[in-house]
file coords00.cif (mmCIF, C-alpha atoms)
data_coords
loop_
_atom_site.label_atom_id
_atom_site.label_comp_id
_atom_site.auth_asym_id
_atom_site.auth_seq_id
_atom_site.Cartn_x
_atom_site.Cartn_y
_atom_site.Cartn_z
CA MET T 1 45.42 23.69 -24.18
CA LYS T 2 43.76 21.51 -21.55
CA SER T 3 41.45 18.65 -22.43
CA HIS T 4 37.81 18.55 -21.39
CA CYS T 5 38.65 15.86 -18.85
CA GLU T 6 41.35 18.04 -17.31
CA LEU T 7 39.05 21.06 -17.09
CA ILE T 8 36.22 19.08 -15.52
CA GLU T 9 38.56 17.31 -13.09
CA GLU T 10 40.10 20.61 -11.98
CA ALA T 11 36.66 22.10 -11.30
CA LEU T 12 35.59 19.03 -9.32
CA ASN T 13 38.85 19.11 -7.34
CA ARG T 14 38.09 22.72 -6.38
CA GLY T 15 34.87 21.45 -4.81
CA GLU T 16 32.57 22.59 -7.60
CA LYS T 17 29.40 20.70 -8.38
CA LEU T 18 28.60 20.61 -12.08
CA THR T 19 25.55 19.87 -14.18
CA GLY T 20 25.71 18.89 -17.83
CA LEU T 21 24.70 22.43 -18.75
CA ASP T 22 27.56 23.81 -16.62
CA ILE T 23 30.03 21.58 -18.44
CA LEU T 24 28.63 22.49 -21.85
CA SER T 25 28.58 26.24 -21.24
CA ARG T 26 31.90 26.56 -19.38
CA PHE T 27 34.03 24.07 -21.27
CA GLN T 28 32.15 23.73 -24.61
CA CYS T 29 32.00 19.97 -24.04
CA MET T 30 29.08 18.36 -25.84
CA ASN T 31 29.82 14.79 -24.71
CA TYR T 32 30.02 15.47 -20.99
CA LYS T 33 28.71 12.02 -20.06
CA GLY T 34 31.60 10.49 -21.97
CA ARG T 35 34.09 12.71 -20.16
CA ILE T 36 32.58 11.78 -16.77
CA TRP T 37 32.96 8.12 -17.79
CA ASP T 38 36.59 8.77 -18.79
CA LEU T 39 37.30 10.33 -15.39
CA ARG T 40 35.79 7.34 -13.61
CA GLN T 41 37.90 4.99 -15.76
CA ARG T 42 40.97 6.92 -14.54
CA GLY T 43 39.93 6.26 -10.95
CA ILE T 44 38.44 9.69 -10.19
CA PRO T 45 35.56 9.11 -7.74
CA VAL T 46 32.87 11.15 -9.51
CA HIS T 47 29.53 11.03 -7.73
CA THR T 48 26.25 11.56 -9.57
CA GLU T 49 23.31 12.93 -7.64
CA MET T 50 19.94 13.30 -9.32
CA ILE T 51 18.29 16.55 -8.26
CA LYS T 52 14.76 17.71 -8.94
CA LEU T 53 14.30 21.16 -10.45
CA PRO T 54 11.35 23.42 -9.58
CA ASN T 55 9.70 22.42 -12.88
CA GLY T 56 9.73 18.76 -11.81
CA LYS T 57 12.50 17.60 -14.14
CA GLU T 58 15.53 15.77 -12.79
CA ILE T 59 19.11 16.46 -13.77
CA ALA T 60 22.46 15.00 -12.78
CA LEU T 61 24.76 16.95 -10.50
CA TYR T 62 28.39 15.77 -10.56
CA SER T 63 30.81 16.14 -7.67
CA LEU T 64 33.60 14.17 -6.07
CA LYS T 65 32.43 11.41 -3.74
CA ASN T 66 34.12 12.99 -0.71
CA GLN T 67 32.09 16.18 -1.17
CA LEU T 68 28.46 16.34 -0.09
CA SER T 69 25.84 18.22 -2.06
CA LEU T 70 23.03 20.11 -0.38
CA LYS T 71 21.12 21.95 -3.11
CA LEU T 72 21.71 23.33 -6.56
#

call {"tool": "encode", "arguments": {"input": "coords00.cif", "output": "structure tokens"}}
result
Amino acid sequence: MKSHCELIEEALNRGEKLTGLDILSRFQCMNYKGRIWDLRQRGIPVHTEMIKLPNGKEIALYSLKNQLSLKL
């Protein structure tokens, strides 16, 4: 069974952009911020982009630094 870090890293390596809700729903990972921190500690270049939703709230969108994000 793969760890949360492995699952998140694999998705990011495939070019996916993930929100906290994506990570929670797909991988059942409650402490996604901790797992993002763990990946960064391992040298994975995780980029955080704050995006504004139509309701005015902002959420983090995670991707690898070499991948650009356009819109959610």

call {"tool": "resolve_selection", "arguments": {"input": "coords00.cif", "expression": "the PyMOL selection byres ((chain T and resi 3) around 12)", "output": "ChimeraX atom specification"}}
result
/T:1-2,4-10,27-29,32,35,38-39

call {"tool": "atom_distance", "arguments": {"input": "coords00.cif", "atom1": "atom CA of Glu58 of chain T", "atom2": "atom CA of Arg42 of chain T"}}
result
27.0 Å

call {"tool": "closest_residue", "arguments": {"input": "coords00.cif", "among": "T:Thr19, T:Asn66, T:Ser25, T:Asn13", "to": "Met50 of chain T", "atoms": "all atoms listed in the file"}}
result
T:Thr19

call {"tool": "closest_residue", "arguments": {"input": "coords00.cif", "among": "T:Leu18, T:Ile23, T:Ile59, T:Met30", "to": "Val46 of chain T", "atoms": "all atoms listed in the file"}}
result
T:Leu18

call {"tool": "atom_distance", "arguments": {"input": "coords00.cif", "atom1": "atom CA of Gly20 of chain T", "atom2": "atom CA of Tyr62 of chain T"}}
result
8.4 Å

call {"tool": "atom_distance", "arguments": {"input": "coords00.cif", "atom1": "atom CA of Glu16 of chain T", "atom2": "atom CA of Leu61 of chain T"}}
result
10.1 Å

call {"tool": "closest_residue", "arguments": {"input": "coords00.cif", "among": "T:Ala60, T:Lys17, T:Gly34, T:Ala11", "to": "Thr48 of chain T", "atoms": "only C-alpha atoms"}}
result
T:Ala60

call {"tool": "resolve_selection", "arguments": {"input": "coords00.cif", "expression": "the PyMOL selection byres ((chain T and resi 45) around 6)", "output": "JSON, numbers by chain"}}
result
{"T": [44, 46, 64, 65]}

call {"tool": "axis_aligned_box", "arguments": {"input": "coords00.cif", "around": "segment 23-26 of chain T", "padding_each_side": "3 Å", "output": "JSON"}}
result
{"center_x": 30.2, "center_y": 24.1, "center_z": -20.1, "size_x": 9.3, "size_y": 11.0, "size_z": 9.4}

call {"tool": "build_atoms", "arguments": {"input": "coords00.cif", "residues": "segment 22-39 of chain T", "atoms": "N, CA and C atoms", "output": "compact mmCIF listing (two decimals), in the frame of the given file"}}
result
# COMPACT_ATOMS: atom_id res chain seq x y z
N ASP T 22 26.34 23.12 -17.08
CA ASP T 22 27.56 23.81 -16.62
C ASP T 22 28.76 23.40 -17.48
N ILE T 23 28.89 22.11 -17.68
CA ILE T 23 30.03 21.58 -18.44
C ILE T 23 29.96 22.05 -19.89
N LEU T 24 28.79 22.03 -20.47
CA LEU T 24 28.63 22.49 -21.85
C LEU T 24 28.96 23.98 -21.97
N SER T 25 28.40 24.80 -21.10
CA SER T 25 28.58 26.24 -21.24
C SER T 25 29.98 26.70 -20.85
N ARG T 26 30.58 26.11 -19.84
CA ARG T 26 31.90 26.56 -19.38
C ARG T 26 33.05 25.99 -20.19
N PHE T 27 32.91 24.73 -20.62
CA PHE T 27 34.03 24.07 -21.27
C PHE T 27 33.75 23.69 -22.73
N GLN T 28 32.57 24.05 -23.24
CA GLN T 28 32.15 23.73 -24.61
C GLN T 28 32.29 22.23 -24.90
N CYS T 29 31.90 21.43 -23.94
CA CYS T 29 32.00 19.97 -24.04
C CYS T 29 30.61 19.39 -24.26
N MET T 30 30.38 18.93 -25.49
CA MET T 30 29.08 18.36 -25.84
C MET T 30 28.88 16.97 -25.22
N ASN T 31 29.93 16.17 -25.19
CA ASN T 31 29.82 14.79 -24.71
C ASN T 31 30.28 14.69 -23.25
N TYR T 32 29.60 15.43 -22.39
CA TYR T 32 30.02 15.47 -20.99
C TYR T 32 29.87 14.12 -20.30
N LYS T 33 28.87 13.34 -20.68
CA LYS T 33 28.71 12.02 -20.06
C LYS T 33 29.90 11.12 -20.38
N GLY T 34 30.41 11.24 -21.58
CA GLY T 34 31.60 10.49 -21.97
C GLY T 34 32.82 10.91 -21.18
N ARG T 35 32.94 12.22 -20.93
CA ARG T 35 34.09 12.71 -20.16
C ARG T 35 33.99 12.29 -18.70
N ILE T 36 32.78 12.27 -18.15
CA ILE T 36 32.58 11.78 -16.77
C ILE T 36 32.97 10.31 -16.71
N TRP T 37 32.59 9.54 -17.72
CA TRP T 37 32.96 8.12 -17.79
C TRP T 37 34.48 7.98 -17.84
N ASP T 38 35.13 8.81 -18.68
CA ASP T 38 36.59 8.77 -18.79
C ASP T 38 37.24 9.04 -17.43
N LEU T 39 36.74 10.02 -16.71
CA LEU T 39 37.30 10.33 -15.39
C LEU T 39 37.15 9.14 -14.45
